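Student: mmCIF, N, CA and C atoms, file start24.cif:
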data_query
#
loop_
_atom_site.label_atom_id
_atom_site.label_comp_id
_atom_site.auth_asym_id
_atom_site.auth_seq_id
_atom_site.Cartn_x
_atom_site.Cartn_y
_atom_site.Cartn_z
N MET Y 1 24.55 60.48 141.47
CA MET Y 1 23.94 59.46 142.30
C MET Y 1 23.92 58.14 141.52
N PRO Y 2 24.87 57.26 141.76
CA PRO Y 2 24.90 55.99 141.04
C PRO Y 2 23.75 55.08 141.46
N THR Y 3 23.32 54.28 140.53
CA THR Y 3 22.29 53.30 140.83
C THR Y 3 22.62 52.02 140.06
N ASP Y 4 22.10 50.93 140.55
CA ASP Y 4 22.30 49.67 139.85
C ASP Y 4 20.98 49.15 139.28
N CYS Y 5 19.99 50.04 139.11
CA CYS Y 5 18.70 49.64 138.57
C CYS Y 5 18.47 50.24 137.20
N LEU Y 6 17.68 49.54 136.40
CA LEU Y 6 17.36 49.96 135.04
C LEU Y 6 15.87 49.76 134.80
N PHE Y 7 15.21 50.82 134.32
CA PHE Y 7 13.80 50.76 133.95
C PHE Y 7 13.71 50.57 132.45
N VAL Y 8 12.99 49.53 132.01
CA VAL Y 8 12.79 49.30 130.59
C VAL Y 8 11.30 49.36 130.29
N TYR Y 9 10.95 49.92 129.14
CA TYR Y 9 9.55 50.16 128.81
C TYR Y 9 9.19 49.84 127.37
N GLY Y 10 10.17 49.52 126.55
CA GLY Y 10 9.92 49.33 125.13
C GLY Y 10 10.53 48.06 124.59
N THR Y 11 11.35 48.20 123.57
CA THR Y 11 11.92 47.03 122.92
C THR Y 11 12.79 46.21 123.87
N LEU Y 12 13.41 46.83 124.85
CA LEU Y 12 14.23 46.06 125.81
C LEU Y 12 13.38 45.14 126.68
N LEU Y 13 12.05 45.39 126.77
CA LEU Y 13 11.18 44.47 127.52
C LEU Y 13 11.28 43.06 126.96
N ASP Y 14 11.36 42.95 125.66
CA ASP Y 14 11.41 41.64 125.03
C ASP Y 14 12.71 40.90 125.35
N TYR Y 15 13.75 41.64 125.68
CA TYR Y 15 15.04 41.01 125.95
C TYR Y 15 15.21 40.63 127.41
N GLY Y 16 14.31 41.07 128.25
CA GLY Y 16 14.37 40.70 129.66
C GLY Y 16 13.90 39.28 129.90
N PHE Y 17 13.18 38.72 128.95
CA PHE Y 17 12.70 37.35 129.03
C PHE Y 17 13.65 36.46 128.24
N HIS Y 18 13.45 35.18 128.30
CA HIS Y 18 14.27 34.25 127.51
C HIS Y 18 13.82 34.35 126.06
N VAL Y 19 14.51 35.15 125.28
CA VAL Y 19 14.18 35.35 123.87
C VAL Y 19 15.14 34.50 123.05
N PHE Y 20 14.63 33.45 122.51
CA PHE Y 20 15.44 32.55 121.70
C PHE Y 20 14.98 32.62 120.26
N HIS Y 21 15.91 32.51 119.35
CA HIS Y 21 15.62 32.38 117.94
C HIS Y 21 16.04 30.96 117.59
N ALA Y 22 15.09 30.16 117.15
CA ALA Y 22 15.31 28.73 116.95
C ALA Y 22 16.58 28.45 116.15
N SER Y 23 16.82 29.24 115.12
CA SER Y 23 17.96 28.94 114.26
C SER Y 23 19.26 29.56 114.75
N ARG Y 24 19.20 30.55 115.65
CA ARG Y 24 20.41 31.26 116.03
C ARG Y 24 20.71 31.22 117.52
N GLY Y 25 19.84 30.68 118.34
CA GLY Y 25 20.05 30.72 119.77
C GLY Y 25 19.59 32.06 120.35
N MET Y 26 20.08 32.41 121.50
CA MET Y 26 19.66 33.63 122.17
C MET Y 26 20.26 34.85 121.47
N SER Y 27 19.46 35.90 121.30
CA SER Y 27 19.97 37.12 120.67
C SER Y 27 21.00 37.78 121.58
N PRO Y 28 21.91 38.59 121.02
CA PRO Y 28 22.93 39.24 121.86
C PRO Y 28 22.34 40.12 122.96
N LEU Y 29 21.27 40.87 122.67
CA LEU Y 29 20.67 41.71 123.70
C LEU Y 29 19.99 40.88 124.78
N ALA Y 30 19.33 39.81 124.38
CA ALA Y 30 18.72 38.92 125.37
C ALA Y 30 19.79 38.33 126.28
N LYS Y 31 20.92 37.98 125.69
CA LYS Y 31 22.02 37.41 126.48
C LYS Y 31 22.54 38.44 127.49
N ILE Y 32 22.68 39.69 127.06
CA ILE Y 32 23.13 40.74 127.97
C ILE Y 32 22.15 40.89 129.13
N MET Y 33 20.84 40.95 128.81
CA MET Y 33 19.84 41.12 129.87
C MET Y 33 19.81 39.90 130.79
N GLN Y 34 19.82 38.70 130.22
CA GLN Y 34 19.73 37.48 131.03
C GLN Y 34 20.94 37.30 131.94
N GLU Y 35 22.12 37.63 131.45
CA GLU Y 35 23.33 37.37 132.22
C GLU Y 35 23.68 38.48 133.21
N ASN Y 36 23.12 39.67 133.01
CA ASN Y 36 23.56 40.82 133.80
C ASN Y 36 22.49 41.53 134.62
N PHE Y 37 21.22 41.18 134.41
CA PHE Y 37 20.14 41.88 135.11
C PHE Y 37 19.17 40.89 135.74
N GLN Y 38 18.63 41.27 136.88
CA GLN Y 38 17.63 40.48 137.57
C GLN Y 38 16.35 41.29 137.64
N LEU Y 39 15.23 40.68 137.24
CA LEU Y 39 13.94 41.35 137.28
C LEU Y 39 13.51 41.59 138.72
N LEU Y 40 13.18 42.86 139.04
CA LEU Y 40 12.64 43.18 140.36
C LEU Y 40 11.12 43.22 140.32
N GLY Y 41 10.54 43.52 139.16
CA GLY Y 41 9.09 43.51 139.04
C GLY Y 41 8.57 44.55 138.06
N LYS Y 42 7.26 44.51 137.87
CA LYS Y 42 6.60 45.51 137.04
C LYS Y 42 6.70 46.85 137.74
N ALA Y 43 6.86 47.90 136.93
CA ALA Y 43 7.05 49.23 137.50
C ALA Y 43 6.49 50.27 136.54
N SER Y 44 6.44 51.51 137.00
CA SER Y 44 6.00 52.61 136.15
C SER Y 44 6.76 53.87 136.54
N THR Y 45 6.70 54.84 135.62
CA THR Y 45 7.30 56.14 135.89
C THR Y 45 6.36 57.21 135.36
N GLN Y 46 6.51 58.41 135.87
CA GLN Y 46 5.67 59.53 135.46
C GLN Y 46 6.19 60.08 134.15
N GLY Y 47 5.49 59.78 133.08
CA GLY Y 47 5.92 60.21 131.77
C GLY Y 47 4.89 59.92 130.71
N ARG Y 48 5.26 60.23 129.48
CA ARG Y 48 4.41 59.98 128.32
C ARG Y 48 5.20 59.14 127.34
N LEU Y 49 4.49 58.24 126.67
CA LEU Y 49 5.12 57.31 125.74
C LEU Y 49 4.65 57.62 124.33
N PHE Y 50 5.61 57.68 123.41
CA PHE Y 50 5.31 58.03 122.02
C PHE Y 50 5.80 56.92 121.09
N GLU Y 51 5.06 56.72 120.00
CA GLU Y 51 5.48 55.82 118.93
C GLU Y 51 6.43 56.61 118.05
N ILE Y 52 7.66 56.15 117.92
CA ILE Y 52 8.66 56.90 117.17
C ILE Y 52 8.74 56.38 115.73
N ALA Y 53 9.24 55.21 115.55
CA ALA Y 53 9.37 54.62 114.21
C ALA Y 53 9.48 53.11 114.37
N GLY Y 54 8.41 52.52 114.91
CA GLY Y 54 8.44 51.09 115.20
C GLY Y 54 8.99 50.77 116.57
N TYR Y 55 9.25 51.77 117.36
CA TYR Y 55 9.72 51.61 118.74
C TYR Y 55 9.24 52.82 119.53
N PRO Y 56 9.18 52.69 120.86
CA PRO Y 56 8.65 53.79 121.67
C PRO Y 56 9.74 54.72 122.19
N GLY Y 57 9.31 55.90 122.60
CA GLY Y 57 10.19 56.85 123.25
C GLY Y 57 9.48 57.43 124.46
N LEU Y 58 10.16 57.49 125.57
CA LEU Y 58 9.64 58.01 126.84
C LEU Y 58 10.11 59.43 127.03
N GLN Y 59 9.19 60.30 127.39
CA GLN Y 59 9.54 61.63 127.87
C GLN Y 59 8.86 61.83 129.21
N LEU Y 60 9.60 62.39 130.16
CA LEU Y 60 9.05 62.61 131.49
C LEU Y 60 7.95 63.66 131.43
N SER Y 61 7.05 63.61 132.41
CA SER Y 61 5.89 64.51 132.46
C SER Y 61 5.73 65.05 133.87
N ASP Y 62 5.14 66.24 133.97
CA ASP Y 62 4.82 66.83 135.27
C ASP Y 62 3.43 66.43 135.75
N HIS Y 63 2.67 65.75 134.90
CA HIS Y 63 1.28 65.39 135.23
C HIS Y 63 1.22 63.99 135.85
N PRO Y 64 0.73 63.90 137.09
CA PRO Y 64 0.69 62.60 137.79
C PRO Y 64 -0.10 61.52 137.05
N GLN Y 65 -1.07 61.91 136.22
CA GLN Y 65 -1.87 60.90 135.51
C GLN Y 65 -1.10 60.29 134.33
N ASP Y 66 -0.01 60.90 133.92
CA ASP Y 66 0.81 60.36 132.83
C ASP Y 66 1.74 59.30 133.39
N ARG Y 67 1.48 58.03 133.03
CA ARG Y 67 2.29 56.93 133.53
C ARG Y 67 2.76 56.07 132.37
N VAL Y 68 4.00 55.66 132.44
CA VAL Y 68 4.57 54.72 131.47
C VAL Y 68 4.88 53.44 132.23
N LEU Y 69 4.40 52.33 131.68
CA LEU Y 69 4.55 51.03 132.32
C LEU Y 69 5.74 50.28 131.76
N GLY Y 70 6.40 49.54 132.62
CA GLY Y 70 7.56 48.76 132.19
C GLY Y 70 7.97 47.80 133.27
N GLU Y 71 9.26 47.53 133.32
CA GLU Y 71 9.82 46.62 134.31
C GLU Y 71 11.09 47.21 134.89
N LEU Y 72 11.35 46.89 136.14
CA LEU Y 72 12.55 47.35 136.82
C LEU Y 72 13.49 46.17 137.00
N TYR Y 73 14.74 46.38 136.60
CA TYR Y 73 15.78 45.37 136.70
C TYR Y 73 16.91 45.89 137.57
N GLN Y 74 17.58 44.96 138.24
CA GLN Y 74 18.77 45.30 139.02
C GLN Y 74 19.97 44.67 138.34
N LEU Y 75 21.02 45.47 138.20
CA LEU Y 75 22.26 44.98 137.61
C LEU Y 75 22.89 43.97 138.55
N LYS Y 76 23.13 42.78 138.04
CA LYS Y 76 23.79 41.74 138.85
C LYS Y 76 25.14 41.37 138.26
N GLY Y 77 25.42 41.91 137.08
CA GLY Y 77 26.66 41.62 136.40
C GLY Y 77 27.52 42.86 136.29
N SER Y 78 28.30 42.90 135.25
CA SER Y 78 29.25 43.98 135.03
C SER Y 78 28.58 45.27 134.55
N ILE Y 79 29.13 46.40 134.95
CA ILE Y 79 28.67 47.71 134.48
C ILE Y 79 28.81 47.80 132.95
N ALA Y 80 29.66 46.96 132.39
CA ALA Y 80 29.82 46.93 130.93
C ALA Y 80 28.49 46.60 130.25
N ALA Y 81 27.59 45.91 130.94
CA ALA Y 81 26.28 45.59 130.37
C ALA Y 81 25.49 46.88 130.09
N LEU Y 82 25.57 47.85 131.00
CA LEU Y 82 24.90 49.14 130.76
C LEU Y 82 25.51 49.85 129.57
N HIS Y 83 26.81 49.76 129.43
CA HIS Y 83 27.47 50.40 128.29
C HIS Y 83 27.06 49.73 126.98
N ALA Y 84 26.85 48.43 127.01
CA ALA Y 84 26.37 47.73 125.80
C ALA Y 84 24.96 48.18 125.45
N LEU Y 85 24.13 48.40 126.46
CA LEU Y 85 22.77 48.91 126.20
C LEU Y 85 22.82 50.35 125.70
N ASP Y 86 23.77 51.14 126.22
CA ASP Y 86 23.96 52.51 125.70
C ASP Y 86 24.26 52.47 124.21
N ASP Y 87 25.08 51.52 123.83
CA ASP Y 87 25.43 51.38 122.41
C ASP Y 87 24.18 51.03 121.60
N TYR Y 88 23.38 50.10 122.09
CA TYR Y 88 22.12 49.72 121.42
C TYR Y 88 21.19 50.92 121.28
N GLU Y 89 21.12 51.74 122.33
CA GLU Y 89 20.23 52.91 122.33
C GLU Y 89 20.84 54.11 121.61
N GLY Y 90 22.08 53.99 121.18
CA GLY Y 90 22.72 55.06 120.41
C GLY Y 90 23.08 56.28 121.22
N CYS Y 91 23.47 56.07 122.48
CA CYS Y 91 23.81 57.23 123.31
C CYS Y 91 25.22 57.15 123.88
N THR Y 92 26.13 56.66 123.05
CA THR Y 92 27.54 56.66 123.44
C THR Y 92 28.24 57.81 122.74
N ALA Y 93 29.46 58.09 123.14
CA ALA Y 93 30.23 59.17 122.51
C ALA Y 93 30.44 58.91 121.01
N ALA Y 94 30.43 57.65 120.61
CA ALA Y 94 30.64 57.32 119.20
C ALA Y 94 29.39 57.55 118.34
N ALA Y 95 28.23 57.68 118.97
CA ALA Y 95 26.97 57.86 118.22
C ALA Y 95 26.84 59.31 117.75
N PRO Y 96 26.17 59.50 116.61
CA PRO Y 96 25.97 60.87 116.10
C PRO Y 96 25.18 61.72 117.08
N GLN Y 97 25.51 62.99 117.11
CA GLN Y 97 24.80 63.97 117.95
C GLN Y 97 23.74 64.68 117.11
N PRO Y 98 22.65 65.12 117.67
CA PRO Y 98 22.23 64.84 119.05
C PRO Y 98 21.71 63.42 119.16
N HIS Y 99 21.97 62.79 120.29
CA HIS Y 99 21.53 61.42 120.50
C HIS Y 99 20.01 61.36 120.50
N GLU Y 100 19.49 60.27 119.93
CA GLU Y 100 18.04 60.06 119.93
C GLU Y 100 17.55 59.75 121.35
N PHE Y 101 18.35 59.04 122.12
CA PHE Y 101 18.02 58.69 123.50
C PHE Y 101 19.16 59.10 124.41
N VAL Y 102 18.83 59.43 125.64
CA VAL Y 102 19.83 59.68 126.67
C VAL Y 102 19.49 58.81 127.88
N ARG Y 103 20.53 58.29 128.52
CA ARG Y 103 20.30 57.51 129.75
C ARG Y 103 20.34 58.48 130.92
N GLN Y 104 19.26 58.48 131.70
CA GLN Y 104 19.12 59.45 132.79
C GLN Y 104 18.53 58.75 134.01
N LEU Y 105 18.88 59.24 135.19
CA LEU Y 105 18.26 58.71 136.41
C LEU Y 105 16.84 59.25 136.52
N ILE Y 106 15.90 58.33 136.77
CA ILE Y 106 14.49 58.69 136.93
C ILE Y 106 13.94 57.96 138.15
N THR Y 107 12.80 58.39 138.62
CA THR Y 107 12.12 57.72 139.72
C THR Y 107 11.08 56.77 139.14
N VAL Y 108 11.14 55.53 139.58
CA VAL Y 108 10.15 54.54 139.15
C VAL Y 108 9.50 53.94 140.39
N THR Y 109 8.28 53.44 140.21
CA THR Y 109 7.52 52.88 141.31
C THR Y 109 7.14 51.44 140.98
N LEU Y 110 7.50 50.53 141.86
CA LEU Y 110 7.09 49.14 141.71
C LEU Y 110 5.61 49.00 142.03
N GLU Y 111 5.01 47.88 141.65
CA GLU Y 111 3.58 47.66 141.88
C GLU Y 111 3.20 47.75 143.35
N ASP Y 112 4.12 47.42 144.24
CA ASP Y 112 3.82 47.47 145.68
C ASP Y 112 3.97 48.88 146.26
N GLY Y 113 4.29 49.86 145.41
CA GLY Y 113 4.37 51.25 145.85
C GLY Y 113 5.77 51.73 146.23
N ARG Y 114 6.75 50.82 146.27
CA ARG Y 114 8.11 51.25 146.60
C ARG Y 114 8.72 52.02 145.44
N ALA Y 115 9.33 53.16 145.75
CA ALA Y 115 9.98 53.98 144.73
C ALA Y 115 11.47 53.66 144.68
N HIS Y 116 12.02 53.72 143.48
CA HIS Y 116 13.44 53.47 143.25
C HIS Y 116 13.98 54.51 142.28
N GLN Y 117 15.26 54.82 142.43
CA GLN Y 117 15.96 55.56 141.39
C GLN Y 117 16.50 54.53 140.42
N ALA Y 118 16.34 54.79 139.14
CA ALA Y 118 16.79 53.83 138.14
C ALA Y 118 17.22 54.58 136.89
N TRP Y 119 18.08 53.95 136.13
CA TRP Y 119 18.43 54.48 134.82
C TRP Y 119 17.27 54.21 133.88
N GLY Y 120 16.98 55.17 133.03
CA GLY Y 120 15.98 55.00 131.99
C GLY Y 120 16.47 55.68 130.73
N TYR Y 121 16.07 55.16 129.59
CA TYR Y 121 16.44 55.77 128.31
C TYR Y 121 15.30 56.69 127.88
N LEU Y 122 15.59 57.99 127.86
CA LEU Y 122 14.59 59.00 127.53
C LEU Y 122 14.78 59.46 126.09
N TYR Y 123 13.65 59.66 125.42
CA TYR Y 123 13.67 60.14 124.04
C TYR Y 123 14.10 61.60 124.05
N ASN Y 124 15.04 61.95 123.20
CA ASN Y 124 15.73 63.24 123.26
C ASN Y 124 15.38 64.17 122.10
N HIS Y 125 14.25 63.94 121.43
CA HIS Y 125 13.84 64.79 120.31
C HIS Y 125 12.40 65.25 120.50
N ALA Y 126 11.97 66.18 119.67
CA ALA Y 126 10.60 66.67 119.72
C ALA Y 126 9.62 65.55 119.36
N THR Y 127 8.42 65.62 119.92
CA THR Y 127 7.43 64.56 119.70
C THR Y 127 6.15 65.07 119.04
N GLU Y 128 6.14 66.30 118.55
CA GLU Y 128 4.88 66.84 118.00
C GLU Y 128 4.35 66.06 116.81
N HIS Y 129 5.20 65.32 116.11
CA HIS Y 129 4.75 64.52 114.97
C HIS Y 129 4.69 63.02 115.30
N CYS Y 130 4.77 62.69 116.58
CA CYS Y 130 4.73 61.30 117.02
C CYS Y 130 3.38 61.01 117.67
N ALA Y 131 2.89 59.80 117.47
CA ALA Y 131 1.63 59.40 118.09
C ALA Y 131 1.86 59.07 119.57
N LEU Y 132 0.97 59.58 120.40
CA LEU Y 132 1.00 59.27 121.82
C LEU Y 132 0.47 57.86 122.03
N ILE Y 133 1.15 57.08 122.85
CA ILE Y 133 0.65 55.77 123.27
C ILE Y 133 -0.07 56.03 124.59
N ALA Y 134 -1.36 56.28 124.49
CA ALA Y 134 -2.15 56.79 125.62
C ALA Y 134 -2.15 55.84 126.83
N SER Y 135 -2.08 54.54 126.59
CA SER Y 135 -2.10 53.58 127.70
C SER Y 135 -0.80 53.63 128.51
N GLY Y 136 0.27 54.15 127.90
CA GLY Y 136 1.58 54.14 128.55
C GLY Y 136 2.22 52.77 128.54
N ASP Y 137 1.61 51.82 127.85
CA ASP Y 137 2.09 50.43 127.83
C ASP Y 137 2.41 50.06 126.39
N TYR Y 138 3.69 49.94 126.07
CA TYR Y 138 4.10 49.65 124.70
C TYR Y 138 3.58 48.30 124.21
N ARG Y 139 3.47 47.36 125.11
CA ARG Y 139 2.98 46.03 124.72
C ARG Y 139 1.50 46.04 124.31
N GLN Y 140 0.76 47.07 124.72
CA GLN Y 140 -0.65 47.16 124.35
C GLN Y 140 -0.88 48.11 123.19
N SER Y 141 0.21 48.66 122.64
CA SER Y 141 0.04 49.65 121.56
C SER Y 141 -0.23 48.97 120.23
#
Can the structure from this file be put into structure tokens for me?
Tutor:
Amino acid sequence: MPTDCLFVYGTLLDYGFHVFHASRGMSPLAKIMQENFQLLGKASTQGRLFEIAGYPGLQLSDHPQDRVLGELYQLKGSIAALHALDDYEGCTAAAPQPHEFVRQLITVTLEDGRAHQAWGYLYNHATEHCALIASGDYRQS
């Protein structure tokens, strides 16, 4: 089931905005997000968020009270932009196995209650030694 939407919840949130570095201009990831994705709005998905190593990891949950907050974007540019993000997340064929993250279709809900299928990067390792981000909001961790 192809989709043109992407749910971001962690470090990619910072690249969805105009992220400029005074001495270098826009970062490459910010440029990818700005040129290829359009913000649809704040969104959430049913899952749990963990602190991995200075960045978060999402794992889906069966419990309705477990929510991870983020933003939903629609691809407006080339599909190559998703492949560039796959490279950033380390889930391409060239990345070592097992991948730390996998891109998977998930259900996300916008603030107005509309549900969408979207790509999301899910953490692909055990989390028993990772701290839970109880708020589900990486920006508040």
Student: Evaluate the PyMOL selection byres ((chain Y and resi 5-12) around 7) against this structure - the residues, as a list in words, please.
Tutor: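 What the PyMOL selection byres ((chain Y and resi 5-12) around 7) grabs from the file is Pro2, Thr3, Asp4, Leu13, Asp14, Tyr15, Gly16, Phe17, Tyr55, Pro56, Val68, Leu69, Gly70, Glu71, Leu72, Tyr73, Gln74, Leu75, Gln117, Ala118, Trp119, Gly120, Tyr121, Asp137, Tyr138 and Arg139 of chain Y.
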Student: Return as a list of chain:residue names the set of residues that the PyMOL selection byres ((chain Y and resi 78-86) around 8) yields on the displayed structure.
Tutor: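 The output of the PyMOL selection byres ((chain Y and resi 78-86) around 8) on this file is Y:Leu29, Y:Ile32, Y:Met33, Y:Glu35, Y:Asn36, Y:Phe37, Y:Leu75, Y:Lys76, Y:Gly77, Y:Asp87, Y:Tyr88, Y:Glu89, Y:Gly90, Y:Cys91, Y:Thr92, Y:Ala93, Y:Arg103.
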Student: CA of Phe101 in chain Y and CA of Gln65 in chain Y, how far apart in Å?
Tutor: 23.3 Å
Student: Among chain Y, which ones does DSSP assign to strand (DSSP E) (computed from the backbone)? Answer as number ranges by chain.
Tutor: Y: 5-8, 20-21, 25-26, 37-51, 56-60, 67-75, 101-110, 115-123, 131-132
Student: Would you mind writing down, as a list of chain:residue names, each residue of range 10-108 of chain Y that DSSP on the backbone assigns to helix (DSSP H, G or I)?
Tutor: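 Secondary structure check on range 10-108 of chain Y, helix (DSSP H, G or I): Y:Thr11, Y:Leu12, Y:Leu13, Y:Asp14, Y:Tyr15, Y:Pro28, Y:Leu29, Y:Ala30, Y:Lys31, Y:Ile32, Y:Met33, Y:Gln34, Y:Glu35, Y:Asn36, Y:Ala80, Y:Ala81, Y:Leu82, Y:His83, Y:Ala84, Y:Leu85, Y:Asp86, Y:Asp87, Y:Tyr88, Y:Glu89.
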Student: Figure out the distance between atom C of Glu128 in chain Y and atom C of Gln97 in chain Y, please, to one decimal in Å.
Tutor: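 Result for atom C of Gln97 in chain Y versus atom C of Glu128 in chain Y: 19.4 Å, one decimal.
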Student: From the list Y:Gln38, Y:Arg114, Y:Asp66, Y:Phe50, which residue is nearest Leu132 in chain Y when using only C-alpha atoms?
Tutor: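 Of the candidates, the smallest distance to Leu132 in chain Y is held by Y:Phe50.
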Student: One number please: atom N of Ala134 in chain Y to atom N of Asp112 in chain Y, in Å, one decimal.
Tutor: 22.3 Å
Student: Out of Y:Ser135, Y:Gly113, Y:Ser141, Y:Glu51, which residue has the shortest atom-to-atom distance to Arg67 in chain Y when counting only N, CA and C atoms?
Tutor: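 With only N, CA and C atoms as the atom set, the closest residue is Y:Ser135.
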Student: Could you check which of Y:Leu58, Y:Val102, Y:Ala30, Y:Val108 is closest to Thr45 in chain Y, using only N, CA and C atoms?
Tutor: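 Counting only N, CA and C atoms, the residue closest to Thr45 in chain Y is Y:Val108.
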Student: Please report, as AutoDock Vina command-line options, the centre and edge lengths in Å to one decimal of an axis-aligned box covering all listed atoms of range 53-61 of chain Y with 3 Å per side.
Tutor:
--center_x 8.0 --center_y 57.9 --center_z 124.0 --size_x 10.5 --size_y 20.3 --size_z 25.7
Student: Restricting the calculation to only C-alpha atoms: of Y:Ala95, Y:Ala131, Y:Leu60, Y:Ala126, which residue gets closest to Thr107 in chain Y?
Tutor: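 Between Y:Ala95, Y:Ala131, Y:Leu60, Y:Ala126, the residue approaching Thr107 in chain Y most closely is Y:Leu60.
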Student: Considering only C-alpha atoms, can you say which of Y:Tyr123, Y:Gln34, Y:Ala115, Y:Gly136 comes closest to His99 in chain Y?
Tutor: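 That would be Y:Tyr123, the residue with the smallest distance to His99 in chain Y.
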